[in-house]
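The structure file work-v2.cif is reproduced below (mmCIF, C-alpha atoms and all ligand atoms).
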```cif
data_data
loop_
_atom_site.label_atom_id
_atom_site.label_comp_id
_atom_site.auth_asym_id
_atom_site.auth_seq_id
_atom_site.Cartn_x
_atom_site.Cartn_y
_atom_site.Cartn_z
CA MET A 210 -39.21 19.80 -5.56
CA ALA A 211 -40.30 16.73 -7.45
CA ARG A 212 -36.87 15.53 -8.43
CA GLN A 213 -34.62 13.64 -6.02
CA TYR A 214 -31.48 15.77 -5.88
CA ILE A 215 -29.57 13.71 -3.35
CA ALA A 216 -27.24 11.10 -4.84
CA GLN A 217 -28.24 7.46 -4.43
CA ARG A 218 -24.98 6.61 -2.66
CA LEU A 219 -25.94 8.88 0.24
CA LEU A 220 -29.62 7.98 0.23
CA GLN A 221 -28.62 4.36 0.62
CA GLU A 222 -26.32 5.03 3.57
CA LYS A 223 -27.76 3.69 6.81
CA ASP A 224 -28.43 6.24 9.56
CA PHE A 225 -27.34 3.96 12.45
CA LEU A 226 -29.64 5.45 15.09
CA MET A 227 -27.24 8.32 15.89
CA SER A 228 -29.56 11.13 14.78
CA GLN A 229 -32.39 9.62 16.84
CA LEU A 230 -30.07 9.54 19.87
CA GLN A 231 -29.00 13.16 19.25
CA ASP A 232 -32.67 14.22 19.11
CA MET A 233 -33.46 12.39 22.35
CA MET A 234 -30.48 14.03 24.08
CA LYS A 235 -31.68 17.53 23.19
CA GLY A 236 -34.50 17.24 25.70
CA MET A 237 -32.25 16.12 28.61
CA ASP A 238 -30.29 18.52 30.79
CA ASP A 239 -28.42 15.90 32.85
CA VAL A 240 -27.23 13.58 30.12
CA ILE A 241 -23.80 11.94 30.47
CA ASP A 242 -22.59 11.66 26.90
CA LEU A 243 -20.28 8.67 26.42
CA SER A 244 -21.02 8.39 22.72
CA VAL A 245 -18.49 10.66 21.05
CA GLY A 246 -14.86 9.70 20.41
CA ASP A 247 -13.56 13.21 21.03
CA PRO A 248 -11.15 13.55 23.99
CA ASP A 249 -12.52 15.98 26.57
CA PHE A 250 -9.14 17.63 27.22
CA THR A 251 -8.15 20.84 25.50
CA THR A 252 -4.93 20.42 23.53
CA PRO A 253 -1.91 21.32 25.73
CA ALA A 254 -1.35 25.09 25.53
CA PRO A 255 2.24 24.99 24.17
CA ILE A 256 0.97 23.13 21.07
CA ILE A 257 -1.73 25.75 20.47
CA GLU A 258 0.76 28.56 21.14
CA ALA A 259 3.18 27.12 18.58
CA GLY A 260 0.47 27.34 15.93
CA TYR A 261 -0.44 30.86 17.01
CA ARG A 262 3.17 32.07 17.03
CA ASP A 263 3.89 30.65 13.59
CA ALA A 264 0.63 32.00 12.20
CA LEU A 265 1.61 35.49 13.39
CA ALA A 266 4.97 34.98 11.69
CA GLY A 267 3.21 34.41 8.39
CA CYS A 268 2.28 30.72 8.24
CA THR A 269 -1.21 31.50 7.03
CA HIS A 270 -0.84 30.46 3.39
CA TYR A 271 -1.05 27.35 1.28
CA THR A 272 2.00 25.20 1.92
CA GLN A 273 4.03 22.82 -0.25
CA HIS A 274 1.77 20.07 -1.59
CA ARG A 275 3.23 17.41 0.68
CA GLY A 276 3.32 19.83 3.61
CA TYR A 277 5.96 22.08 5.15
CA PRO A 278 9.39 20.38 4.87
CA ASP A 279 10.11 20.85 8.58
CA VAL A 280 6.81 19.18 9.50
CA ILE A 281 7.67 16.26 7.21
CA GLN A 282 11.05 16.09 8.94
CA ALA A 283 9.31 16.04 12.33
CA VAL A 284 7.33 12.97 11.20
CA VAL A 285 10.55 11.26 10.05
CA ASP A 286 12.28 12.04 13.37
CA TYR A 287 9.28 10.95 15.39
CA TYR A 288 9.03 7.53 13.71
CA LYS A 289 12.74 6.99 14.26
CA ARG A 290 12.86 8.24 17.84
CA GLU A 291 9.58 6.87 19.20
CA LEU A 292 8.92 3.78 17.08
CA GLY A 293 12.36 2.75 15.85
CA VAL A 294 11.29 2.96 12.20
CA ASP A 295 13.48 4.48 9.48
CA ILE A 296 11.53 6.36 6.84
CA ASP A 297 12.61 8.82 4.19
CA GLU A 298 11.10 12.28 3.90
CA LYS A 299 9.97 11.36 0.35
CA ASN A 300 7.58 8.83 1.86
CA VAL A 301 5.63 11.39 3.91
CA LEU A 302 2.54 13.40 3.06
CA ILE A 303 0.99 15.87 5.50
CA THR A 304 -2.75 15.92 4.97
CA THR A 305 -6.12 16.96 6.31
CA SER A 306 -7.29 14.49 9.02
CA ALA A 307 -7.00 10.73 9.27
CA ASP A 308 -10.48 10.45 7.83
CA TYR A 309 -9.47 12.24 4.68
CA ALA A 310 -6.12 10.43 4.60
CA ALA A 311 -7.90 7.07 4.59
CA PHE A 312 -10.16 8.28 1.81
CA GLN A 313 -7.11 9.49 -0.13
CA ALA A 314 -5.45 6.10 0.34
CA CYS A 315 -8.54 4.31 -1.01
CA PHE A 316 -9.16 6.80 -3.81
CA ALA A 317 -5.54 6.63 -4.94
CA THR A 318 -5.39 2.83 -5.04
CA LEU A 319 -8.84 1.32 -5.71
CA ASP A 320 -10.41 0.61 -9.07
CA PRO A 321 -14.12 -0.23 -9.36
CA GLY A 322 -14.85 -3.62 -7.84
CA ASP A 323 -11.55 -3.95 -5.95
CA GLU A 324 -12.23 -5.65 -2.65
CA VAL A 325 -10.92 -4.40 0.67
CA LEU A 326 -10.85 -6.53 3.80
CA ILE A 327 -11.94 -4.64 6.91
CA PRO A 328 -11.98 -6.03 10.46
CA ASP A 329 -15.47 -6.39 11.89
CA PRO A 330 -16.11 -4.50 14.12
CA SER A 331 -14.13 -1.37 13.25
CA PHE A 332 -14.38 2.37 12.66
CA LEU A 333 -17.49 3.04 10.62
CA CYS A 334 -15.96 5.44 8.09
CA TYR A 335 -13.61 2.85 6.53
CA ARG A 336 -16.61 1.37 4.75
CA SER A 337 -17.64 4.70 3.19
CA GLN A 338 -14.04 5.53 2.34
CA VAL A 339 -13.77 2.29 0.36
CA GLU A 340 -17.20 2.59 -1.25
CA TYR A 341 -16.87 6.26 -2.22
CA SER A 342 -13.66 5.22 -3.99
CA GLY A 343 -15.50 2.54 -5.99
CA GLY A 344 -14.17 -0.36 -3.93
CA LYS A 345 -16.13 -3.19 -2.37
CA VAL A 346 -16.13 -3.75 1.37
CA VAL A 347 -15.54 -7.25 2.68
CA MET A 348 -15.95 -7.46 6.44
CA VAL A 349 -13.74 -10.00 8.22
CA PRO A 350 -14.99 -11.13 11.62
CA THR A 351 -12.98 -10.68 14.78
CA TYR A 352 -14.09 -12.34 18.00
CA GLU A 353 -14.40 -11.42 21.65
CA GLU A 354 -12.81 -14.80 22.55
CA ASP A 355 -9.64 -13.69 20.67
CA GLY A 356 -9.64 -10.33 22.47
CA TRP A 357 -10.98 -8.99 19.12
CA ARG A 358 -7.50 -9.33 17.55
CA PHE A 359 -7.57 -9.22 13.75
CA LYS A 360 -6.16 -12.56 12.60
CA ALA A 361 -4.52 -13.21 9.25
CA GLU A 362 -5.74 -16.81 9.16
CA VAL A 363 -9.35 -15.56 9.33
CA ALA A 364 -8.68 -12.77 6.81
CA GLU A 365 -7.21 -15.28 4.36
CA ARG A 366 -10.60 -17.03 4.09
CA TYR A 367 -12.01 -13.83 2.58
CA VAL A 368 -9.27 -13.25 -0.01
CA THR A 369 -10.48 -13.55 -3.62
CA PRO A 370 -8.79 -12.68 -6.94
CA LYS A 371 -10.40 -9.22 -6.53
CA THR A 372 -8.89 -8.47 -3.13
CA LYS A 373 -6.65 -5.40 -3.32
CA ALA A 374 -6.08 -4.26 0.25
CA ILE A 375 -6.54 -4.92 3.95
CA PHE A 376 -7.38 -2.26 6.53
CA LEU A 377 -5.41 -2.65 9.74
CA SER A 378 -6.53 -0.64 12.71
CA THR A 379 -4.56 -0.95 15.89
CA PRO A 380 -5.49 -0.11 18.58
CA ASN A 381 -9.00 -0.60 17.25
CA ASN A 382 -12.04 1.61 17.63
CA PRO A 383 -14.46 0.34 19.06
CA THR A 384 -12.92 -2.82 20.60
CA GLY A 385 -9.61 -1.39 21.84
CA ALA A 386 -7.88 -4.51 20.46
CA CYS A 387 -4.16 -4.18 19.81
CA MET A 388 -2.45 -6.24 17.15
CA HIS A 389 0.56 -8.04 18.60
CA ARG A 390 3.82 -8.37 16.68
CA GLU A 391 2.91 -11.89 15.55
CA ASP A 392 -0.49 -10.64 14.26
CA LEU A 393 1.23 -7.96 12.21
CA GLU A 394 3.87 -10.36 10.92
CA ALA A 395 1.15 -12.77 9.78
CA MET A 396 -0.74 -9.93 8.05
CA VAL A 397 2.38 -8.80 6.20
CA LYS A 398 3.00 -12.40 5.10
CA LEU A 399 -0.59 -12.65 3.89
CA ALA A 400 -0.24 -9.38 1.99
CA GLU A 401 2.98 -10.64 0.39
CA LYS A 402 1.40 -13.98 -0.53
CA TYR A 403 -1.48 -12.36 -2.45
CA ASP A 404 0.36 -9.14 -3.39
CA LEU A 405 -2.01 -6.93 -1.39
CA LEU A 406 -1.78 -3.41 -0.04
CA LEU A 407 -2.13 -2.62 3.65
CA TYR A 408 -3.83 0.53 4.95
CA SER A 409 -2.70 0.89 8.55
CA ASP A 410 -4.60 3.29 10.81
CA GLU A 411 -2.29 4.02 13.76
CA ILE A 412 -4.07 7.04 15.22
CA TYR A 413 -4.35 5.60 18.75
CA THR A 414 -0.58 5.05 18.94
CA TRP A 415 -0.13 5.84 22.61
CA TYR A 416 -3.38 4.30 23.83
CA SER A 417 -1.93 0.81 23.85
CA TYR A 418 -1.96 -0.80 27.31
CA GLU A 419 -1.77 -4.54 26.67
CA VAL A 420 1.37 -4.51 24.53
CA PRO A 421 3.70 -1.68 23.56
CA PHE A 422 2.52 -0.13 20.30
CA ILE A 423 4.21 -1.53 17.20
CA SER A 424 3.95 0.17 13.83
CA VAL A 425 3.46 -2.29 10.99
CA LEU A 426 6.35 -0.46 9.32
CA SER A 427 8.71 -2.18 11.74
CA ILE A 428 7.82 -5.56 10.17
CA PRO A 429 10.20 -6.51 7.33
CA GLY A 430 8.47 -6.36 3.94
CA ALA A 431 5.71 -3.99 5.08
CA ALA A 432 7.06 -0.63 3.89
CA GLU A 433 6.75 -1.34 0.17
CA ARG A 434 3.05 -2.21 0.41
CA THR A 435 1.70 -0.14 3.29
CA ILE A 436 -0.01 3.22 3.64
CA VAL A 437 0.25 4.30 7.27
CA ILE A 438 -2.19 6.88 8.60
CA ASN A 439 -1.71 8.85 11.78
CA SER A 440 -3.08 12.15 13.08
CA MET A 441 -3.16 14.85 15.74
CA SER A 442 -6.68 13.93 16.83
CA LYS A 443 -6.12 11.38 19.57
CA ASN A 444 -2.36 11.35 20.24
CA TYR A 445 -2.42 15.11 20.89
CA VAL A 446 -6.10 15.40 21.84
CA CYS A 447 -6.54 17.80 18.95
CA THR A 448 -9.44 16.64 16.80
CA GLY A 449 -10.07 20.25 15.72
CA ALA A 450 -6.74 20.64 13.94
CA ARG A 451 -7.88 18.14 11.26
CA LEU A 452 -4.25 17.31 10.65
CA ALA A 453 -2.77 13.96 9.71
CA TRP A 454 0.27 12.38 8.10
CA VAL A 455 0.63 9.49 5.74
CA ILE A 456 3.67 7.28 5.18
CA ALA A 457 3.70 5.31 1.92
CA PRO A 458 5.80 4.26 -1.06
CA VAL A 459 6.70 7.25 -3.26
CA PRO A 460 4.38 6.44 -6.22
CA LEU A 461 1.41 6.15 -3.86
CA ILE A 462 2.33 9.44 -2.17
CA GLY A 463 2.35 10.98 -5.66
CA ALA A 464 -1.12 9.63 -6.42
CA MET A 465 -2.50 10.91 -3.12
CA VAL A 466 -0.96 14.34 -3.68
CA LYS A 467 -2.64 14.48 -7.08
CA GLU A 468 -6.03 13.74 -5.53
CA GLY A 469 -5.47 16.09 -2.58
CA MET A 470 -4.49 19.02 -4.79
CA ASN A 471 -7.89 18.84 -6.42
CA MET A 472 -9.80 18.57 -3.16
CA VAL A 473 -8.16 20.66 -0.42
CA TYR A 474 -4.94 21.76 -2.15
CA THR A 475 -2.81 21.57 0.99
CA ALA A 476 -3.28 20.66 4.64
CA PRO A 477 -4.11 23.58 6.99
CA SER A 478 -0.95 25.60 7.58
CA ILE A 479 -1.59 26.57 11.21
CA SER A 480 -2.41 22.99 12.16
CA GLN A 481 0.81 21.89 10.48
CA ARG A 482 2.76 24.28 12.71
CA MET A 483 1.02 22.77 15.75
CA ALA A 484 1.92 19.29 14.51
CA LYS A 485 5.59 20.16 14.18
CA PHE A 486 5.74 21.25 17.80
CA ALA A 487 3.63 18.32 19.00
CA LEU A 488 5.69 15.70 17.18
CA ASN A 489 8.96 17.14 18.43
CA GLU A 490 8.01 18.10 21.95
CA GLY A 491 4.54 16.81 22.73
CA LYS A 492 5.26 13.52 24.46
CA GLU A 493 5.88 14.92 27.94
CA LEU A 494 2.95 17.28 27.63
CA MET A 495 0.68 14.36 26.83
CA ALA A 496 1.94 12.02 29.58
CA PRO A 497 -0.52 13.11 32.29
CA ILE A 498 -3.43 13.01 29.85
CA MET A 499 -2.51 9.50 28.74
CA ALA A 500 -2.21 8.41 32.38
CA GLU A 501 -5.67 9.81 33.08
CA PHE A 502 -7.20 7.95 30.12
CA LYS A 503 -5.60 4.72 31.25
CA GLU A 504 -6.91 5.11 34.78
CA ARG A 505 -10.41 5.90 33.53
CA MET A 506 -10.35 2.84 31.27
CA PHE A 507 -9.07 0.43 33.92
CA ARG A 508 -11.37 1.69 36.70
CA THR A 509 -14.46 1.83 34.49
CA ALA A 510 -13.85 -1.68 33.12
CA GLU A 511 -13.63 -3.01 36.71
CA ARG A 512 -16.83 -1.19 37.63
CA ILE A 513 -18.69 -2.54 34.58
CA ASN A 514 -17.81 -6.10 35.51
CA GLN A 515 -19.54 -5.55 38.89
CA ILE A 516 -22.83 -4.80 37.10
CA PRO A 517 -24.97 -7.92 36.64
CA HIS A 518 -25.30 -9.07 33.01
CA LEU A 519 -22.56 -6.77 31.68
CA LYS A 520 -19.09 -7.96 30.76
CA VAL A 521 -15.99 -6.30 29.36
CA GLN A 522 -12.33 -7.17 28.87
CA SER A 523 -10.45 -6.10 32.01
CA PRO A 524 -7.85 -4.73 32.02
CA PRO A 525 -8.74 -3.18 28.68
CA PRO A 526 -6.20 -3.54 25.84
CA GLY A 527 -6.18 -0.04 24.35
CA THR A 528 -7.88 3.20 23.17
CA PHE A 529 -10.37 5.12 25.32
CA TYR A 530 -13.30 2.88 24.31
CA LEU A 531 -14.81 -0.01 26.24
CA PHE A 532 -16.73 -2.55 24.19
CA VAL A 533 -19.23 -4.05 26.60
CA ASN A 534 -21.05 -7.34 26.09
CA VAL A 535 -24.74 -6.79 26.93
CA LYS A 536 -26.10 -10.07 25.55
CA GLU A 537 -27.10 -11.42 28.97
CA THR A 538 -29.57 -8.57 29.44
CA GLY A 539 -31.68 -10.15 26.69
CA LEU A 540 -31.77 -6.80 24.87
CA THR A 541 -30.23 -6.07 21.48
CA ASP A 542 -27.46 -3.49 21.54
CA GLU A 543 -29.80 -0.90 19.98
CA GLU A 544 -32.53 -1.61 22.54
CA PHE A 545 -29.97 -1.40 25.33
CA VAL A 546 -28.67 1.97 24.10
CA LEU A 547 -32.18 3.40 23.68
CA LYS A 548 -33.26 2.21 27.13
CA VAL A 549 -30.12 3.51 28.85
CA LEU A 550 -30.51 6.90 27.21
CA GLU A 551 -34.23 7.14 27.87
CA LYS A 552 -34.18 5.93 31.49
CA ALA A 553 -30.67 6.73 32.77
CA HIS A 554 -29.76 9.65 30.53
CA VAL A 555 -26.46 8.06 29.54
CA ALA A 556 -25.54 8.12 25.85
CA LEU A 557 -23.70 5.11 24.36
CA VAL A 558 -23.26 3.72 20.84
CA PRO A 559 -24.70 0.37 19.69
CA GLY A 560 -21.93 -2.05 18.72
CA SER A 561 -23.72 -3.09 15.52
CA ASN A 562 -22.88 0.37 14.12
CA PHE A 563 -19.33 -0.94 13.76
CA GLY A 564 -20.20 -4.16 11.95
CA GLU A 565 -22.34 -7.27 12.38
CA GLN A 566 -19.90 -8.73 14.90
CA GLY A 567 -20.69 -5.77 17.16
CA ALA A 568 -24.30 -6.91 17.66
CA GLY A 569 -24.84 -7.50 21.37
CA TYR A 570 -22.15 -5.00 22.44
CA VAL A 571 -22.17 -1.28 23.23
CA ARG A 572 -19.31 1.20 23.03
CA ILE A 573 -18.54 3.41 26.00
CA CYS A 574 -16.19 6.36 25.44
CA CYS A 575 -14.16 7.25 28.51
CA THR A 576 -14.16 10.88 27.42
CA VAL A 577 -15.49 12.34 30.66
CA GLY A 578 -13.79 12.37 34.08
CA LEU A 579 -13.91 9.40 36.48
CA PRO A 580 -16.62 10.83 38.78
CA LYS A 581 -18.97 11.19 35.80
CA LEU A 582 -18.01 7.75 34.46
CA MET A 583 -18.79 6.21 37.86
CA GLU A 584 -22.09 8.10 38.05
CA ALA A 585 -22.97 6.82 34.57
CA MET A 586 -22.24 3.23 35.67
CA ASP A 587 -24.32 3.71 38.86
CA ARG A 588 -27.22 4.96 36.77
CA ILE A 589 -26.95 1.97 34.41
CA GLU A 590 -26.73 -0.49 37.30
CA ALA A 591 -29.80 1.04 38.93
CA LEU A 592 -31.87 0.15 35.84
CA GLY A 593 -31.40 -3.53 36.74
CA LEU A 594 -31.21 -4.64 33.11
C1 LIG B 601 -9.95 4.44 14.10
C2 LIG B 601 -10.16 5.86 13.68
N1 LIG B 601 -9.57 6.30 12.55
C3 LIG B 601 -9.74 7.57 12.13
C4 LIG B 601 -10.50 8.47 12.84
C5 LIG B 601 -10.62 9.87 12.35
O1 LIG B 601 -9.54 10.63 12.83
P1 LIG B 601 -9.32 12.15 12.42
O2 LIG B 601 -9.98 12.97 13.49
O3 LIG B 601 -7.85 12.37 12.36
O4 LIG B 601 -9.99 12.32 11.11
C6 LIG B 601 -11.14 8.07 14.04
C7 LIG B 601 -11.97 8.99 14.80
O5 LIG B 601 -12.60 8.68 15.76
C8 LIG B 601 -10.95 6.73 14.46
O6 LIG B 601 -11.50 6.27 15.59
#
```
Exercise: express the given structure as structure tokens:
Amino acid sequence: MARQYIAQRLLQEKDFLMSQLQDMMKGMDDVIDLSVGDPDFTTPAPIIEAGYRDALAGCTHYTQHRGYPDVIQAVVDYYKRELGVDIDEKNVLITTSADYAAFQACFATLDPGDEVLIPDPSFLCYRSQVEYSGGKVVMVPTYEEDGWRFKAEVAERYVTPKTKAIFLSTPNNPTGACMHREDLEAMVKLAEKYDLLLYSDEIYTWYSYEVPFISVLSIPGAAERTIVINSMSKNYVCTGARLAWVIAPVPLIGAMVKEGMNMVYTAPSISQRMAKFALNEGKELMAPIMAEFKERMFRTAERINQIPHLKVQSPPPGTFYLFVNVKETGLTDEEFVLKVLEKAHVALVPGSNFGEQGAGYVRICCTVGLPKLMEAMDRIEALGL
């Protein structure tokens, strides 16, 4: 075909080395894959069974546009019980994955040219979510010396008359950084000063080791200008459910519902039933899994710091990602990742995928058991980089 059928916006999107890494991995039968942010645990059986039971009872249809009322209620109860935040059921939308929720938030609120401040480094998809919605990405640096915490005083330097929103992401993928109460308070003040929106991605709620997790909604003044995003994927190790919830002011919920109705109509019914059970009764089921992630993170960080030329924050602040400084090896992060995959058969992600500030770092996902993580570190050490 002579004509270029693919839209420019996708042709222009950078490939970030991941398909090359996937191709290289195909030829290796002993690869330890630490590149994918998908928890290795199967979702606890009672959560799956709740979905199955309710599906058999007839929950196999479209649902109300904002989601089943009892699932919305479960979100309200959960925020009150676990995070001490009062929200009204009118402020909740059940939707299809945190990825889609973030896109909905951007699509519902951004006009062409609106600028969105995004911490650098951070989850790759935020940039596409903003750009697909017509917005302009403005990356705001965070620094290893600050423990990668996203600081309002740095963000303020990037505010222009076109700034519309700020993406908060705590704990952060890939750095694990957790925003402390004072960081969130300063961000809310900044948003108030310039009348900005906040998109707050809270999907690693329970992977916060350095400080107890705080929802931005617990900061006075935040609720009227914040869209909170949370999902089943990490907190209930259930990436396959593609189920998320959004908390936002009523008019913004209305705008997101309008968009969602045209795209997916409603969130998956069976996943919603799983979410109801998980939100109400999942905490105890998840406790041993969370303890295992924490142990993996702490032990692997200690082990990394024994390897010459590698350095990582220890103990790590949050998530199941370690963001390792490889600058002393003299290799770029991409060279490091390619060499480690080629010679040690360990798959990592270059930090520059997550923003310019990530150059010189690699992300390690602790999504395999400790023996495999230790073997991966032994293999990397043996390369003598
Ligand atoms: C920070 C962050 N936000 C959102 C997502 C996407 O979550 P979901 O699986 O609910 O779409 C991820 C997935 O890795 C993530 O790391």
Edge lengths and centre in Å to one decimal, as lines of an AutoDock Vina configuration file, is what I'm after for the box along x, y and z that holds all listed atoms of stretch 267-275 of chain A once 5 Å is added on each side.
```
center_x = 1.4
center_y = 25.9
center_z = 3.4
size_x = 15.2
size_y = 27.0
size_z = 20.0
```
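Here the question is which of A:Val571, A:Val397, A:Ile215, A:Met586 gets nearest to A:Glu511 using only C-alpha atoms, and that residue is A:Met586.
Ranking A:Phe422, A:Tyr408, A:Phe545, A:Phe250 by their shortest atom-to-atom distance to ligand LIG 601 (chain B), with all atoms listed in the file included, puts A:Tyr408 first.
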In file coordinates, which residues lie within 6 Å of (5.6, 7.9, 3.5) using only C-alpha atoms, given as a compact mmCIF listing (two decimals) with C-alpha atoms, in the coordinates of the input?
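Result file follows (selection-v5.txt):
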```
# COMPACT_ATOMS: atom_id res chain seq x y z
CA ASN A 300 7.58 8.83 1.86
CA VAL A 301 5.63 11.39 3.91
CA VAL A 455 0.63 9.49 5.74
CA ILE A 456 3.67 7.28 5.18
CA ALA A 457 3.70 5.31 1.92
CA PRO A 458 5.80 4.26 -1.06
```
Using all atoms listed in the file, find each residue in chain A having at least one atom no more than 9 Å away from ligand LIG 601 (chain B); report its shortest atom-to-atom pair and that distance in Å (one decimal), rows by chain then rising number, as a Markdown table.
```
| residue | atom | partner | partner_atom | distance |
| --- | --- | --- | --- | --- |
| A:Val245 | CA | B:LIG601 | O5 | 8.2 |
| A:Gly246 | CA | B:LIG601 | O5 | 5.3 |
| A:Asp247 | CA | B:LIG601 | O5 | 7.0 |
| A:Thr305 | CA | B:LIG601 | O4 | 7.7 |
| A:Ser306 | CA | B:LIG601 | O3 | 4.0 |
| A:Ala307 | CA | B:LIG601 | O3 | 3.6 |
| A:Asp308 | CA | B:LIG601 | O4 | 3.8 |
| A:Tyr309 | CA | B:LIG601 | O4 | 6.5 |
| A:Ala310 | CA | B:LIG601 | O4 | 7.8 |
| A:Ala311 | CA | B:LIG601 | C3 | 7.8 |
| A:Ser331 | CA | B:LIG601 | C1 | 7.2 |
| A:Phe332 | CA | B:LIG601 | C1 | 5.1 |
| A:Leu333 | CA | B:LIG601 | C1 | 8.4 |
| A:Cys334 | CA | B:LIG601 | C3 | 7.7 |
| A:Tyr335 | CA | B:LIG601 | N1 | 8.0 |
| A:Ser378 | CA | B:LIG601 | C1 | 6.3 |
| A:Thr379 | CA | B:LIG601 | C1 | 7.8 |
| A:Pro380 | CA | B:LIG601 | C1 | 7.8 |
| A:Asn381 | CA | B:LIG601 | C1 | 6.0 |
| A:Asn382 | CA | B:LIG601 | C1 | 5.0 |
| A:Pro383 | CA | B:LIG601 | O6 | 7.5 |
| A:Asp410 | CA | B:LIG601 | N1 | 6.1 |
| A:Glu411 | CA | B:LIG601 | C1 | 7.7 |
| A:Ile412 | CA | B:LIG601 | N1 | 6.2 |
| A:Tyr413 | CA | B:LIG601 | C1 | 7.4 |
| A:Ile438 | CA | B:LIG601 | C3 | 8.4 |
| A:Asn439 | CA | B:LIG601 | O3 | 7.1 |
| A:Ser440 | CA | B:LIG601 | O3 | 4.8 |
| A:Met441 | CA | B:LIG601 | O3 | 6.3 |
| A:Ser442 | CA | B:LIG601 | O2 | 4.8 |
| A:Lys443 | CA | B:LIG601 | O2 | 7.4 |
| A:Cys447 | CA | B:LIG601 | O2 | 8.1 |
| A:Thr448 | CA | B:LIG601 | O2 | 5.0 |
| A:Gly449 | CA | B:LIG601 | O2 | 7.6 |
| A:Ala450 | CA | B:LIG601 | O2 | 8.3 |
| A:Arg451 | CA | B:LIG601 | O3 | 5.9 |
| A:Leu452 | CA | B:LIG601 | O3 | 6.3 |
| A:Ala453 | CA | B:LIG601 | O3 | 5.9 |
| A:Thr528 | CA | B:LIG601 | O6 | 8.9 |
```
Resulting file, chosen residues, C-alpha atoms, as a PDB file, in the frame of the given file:
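Done, and the output landed in again.pdb:
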```pdb
ATOM      1  CA  VAL A 245     -18.490  10.660  21.050  1.00  0.00           C
ATOM      2  CA  GLY A 246     -14.860   9.700  20.410  1.00  0.00           C
ATOM      3  CA  ASP A 247     -13.560  13.210  21.030  1.00  0.00           C
ATOM      4  CA  THR A 305      -6.120  16.960   6.310  1.00  0.00           C
ATOM      5  CA  SER A 306      -7.290  14.490   9.020  1.00  0.00           C
ATOM      6  CA  ALA A 307      -7.000  10.730   9.270  1.00  0.00           C
ATOM      7  CA  ASP A 308     -10.480  10.450   7.830  1.00  0.00           C
ATOM      8  CA  TYR A 309      -9.470  12.240   4.680  1.00  0.00           C
ATOM      9  CA  ALA A 310      -6.120  10.430   4.600  1.00  0.00           C
ATOM     10  CA  ALA A 311      -7.900   7.070   4.590  1.00  0.00           C
ATOM     11  CA  SER A 331     -14.130  -1.370  13.250  1.00  0.00           C
ATOM     12  CA  PHE A 332     -14.380   2.370  12.660  1.00  0.00           C
ATOM     13  CA  LEU A 333     -17.490   3.040  10.620  1.00  0.00           C
ATOM     14  CA  CYS A 334     -15.960   5.440   8.090  1.00  0.00           C
ATOM     15  CA  TYR A 335     -13.610   2.850   6.530  1.00  0.00           C
ATOM     16  CA  SER A 378      -6.530  -0.640  12.710  1.00  0.00           C
ATOM     17  CA  THR A 379      -4.560  -0.950  15.890  1.00  0.00           C
ATOM     18  CA  PRO A 380      -5.490  -0.110  18.580  1.00  0.00           C
ATOM     19  CA  ASN A 381      -9.000  -0.600  17.250  1.00  0.00           C
ATOM     20  CA  ASN A 382     -12.040   1.610  17.630  1.00  0.00           C
ATOM     21  CA  PRO A 383     -14.460   0.340  19.060  1.00  0.00           C
ATOM     22  CA  ASP A 410      -4.600   3.290  10.810  1.00  0.00           C
ATOM     23  CA  GLU A 411      -2.290   4.020  13.760  1.00  0.00           C
ATOM     24  CA  ILE A 412      -4.070   7.040  15.220  1.00  0.00           C
ATOM     25  CA  TYR A 413      -4.350   5.600  18.750  1.00  0.00           C
ATOM     26  CA  ILE A 438      -2.190   6.880   8.600  1.00  0.00           C
ATOM     27  CA  ASN A 439      -1.710   8.850  11.780  1.00  0.00           C
ATOM     28  CA  SER A 440      -3.080  12.150  13.080  1.00  0.00           C
ATOM     29  CA  MET A 441      -3.160  14.850  15.740  1.00  0.00           C
ATOM     30  CA  SER A 442      -6.680  13.930  16.830  1.00  0.00           C
ATOM     31  CA  LYS A 443      -6.120  11.380  19.570  1.00  0.00           C
ATOM     32  CA  CYS A 447      -6.540  17.800  18.950  1.00  0.00           C
ATOM     33  CA  THR A 448      -9.440  16.640  16.800  1.00  0.00           C
ATOM     34  CA  GLY A 449     -10.070  20.250  15.720  1.00  0.00           C
ATOM     35  CA  ALA A 450      -6.740  20.640  13.940  1.00  0.00           C
ATOM     36  CA  ARG A 451      -7.880  18.140  11.260  1.00  0.00           C
ATOM     37  CA  LEU A 452      -4.250  17.310  10.650  1.00  0.00           C
ATOM     38  CA  ALA A 453      -2.770  13.960   9.710  1.00  0.00           C
ATOM     39  CA  THR A 528      -7.880   3.200  23.170  1.00  0.00           C
TER      40      THR A 528
END
```
One decimal, in Å: what's the spacing between atom CA of A:Met233 and atom CA of A:Val549? 11.5 Å
In terms of the shortest atom-to-atom distance over all atoms listed in the file, which of A:Met583, A:Thr541, A:Ala216, A:Thr475 is closest to A:Gly569? A:Thr541
Counting only C-alpha atoms, which residue out of A:Cys575, A:Val284, A:Asn471, A:Ala464 sits closest to A:Arg508? A:Cys575
Pick out the residues sitting within 10 Å of A:Arg218, and hand them over as a list in words; count all atoms listed in the file, and ignore anything fewer than 6 positions along from it in its own chain. Ser337, Glu340 and Tyr341 of chain A
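Between A:Glu433 and the residues A:Ile296, A:Met234, A:Leu488, A:Ile573, the shortest atom-to-atom distance, using all atoms listed in the file, involves A:Ile296.
We find atom CA of A:Leu594 and atom CA of A:Val521 to be spaced 15.8 Å apart.
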Please list as JSON, numbers by chain every residue within 10 Å of A:Val420, counting only C-alpha atoms and excluding residues in the same chain fewer than 4 positions away. {"A": [387, 388, 389, 390, 526, 527]}
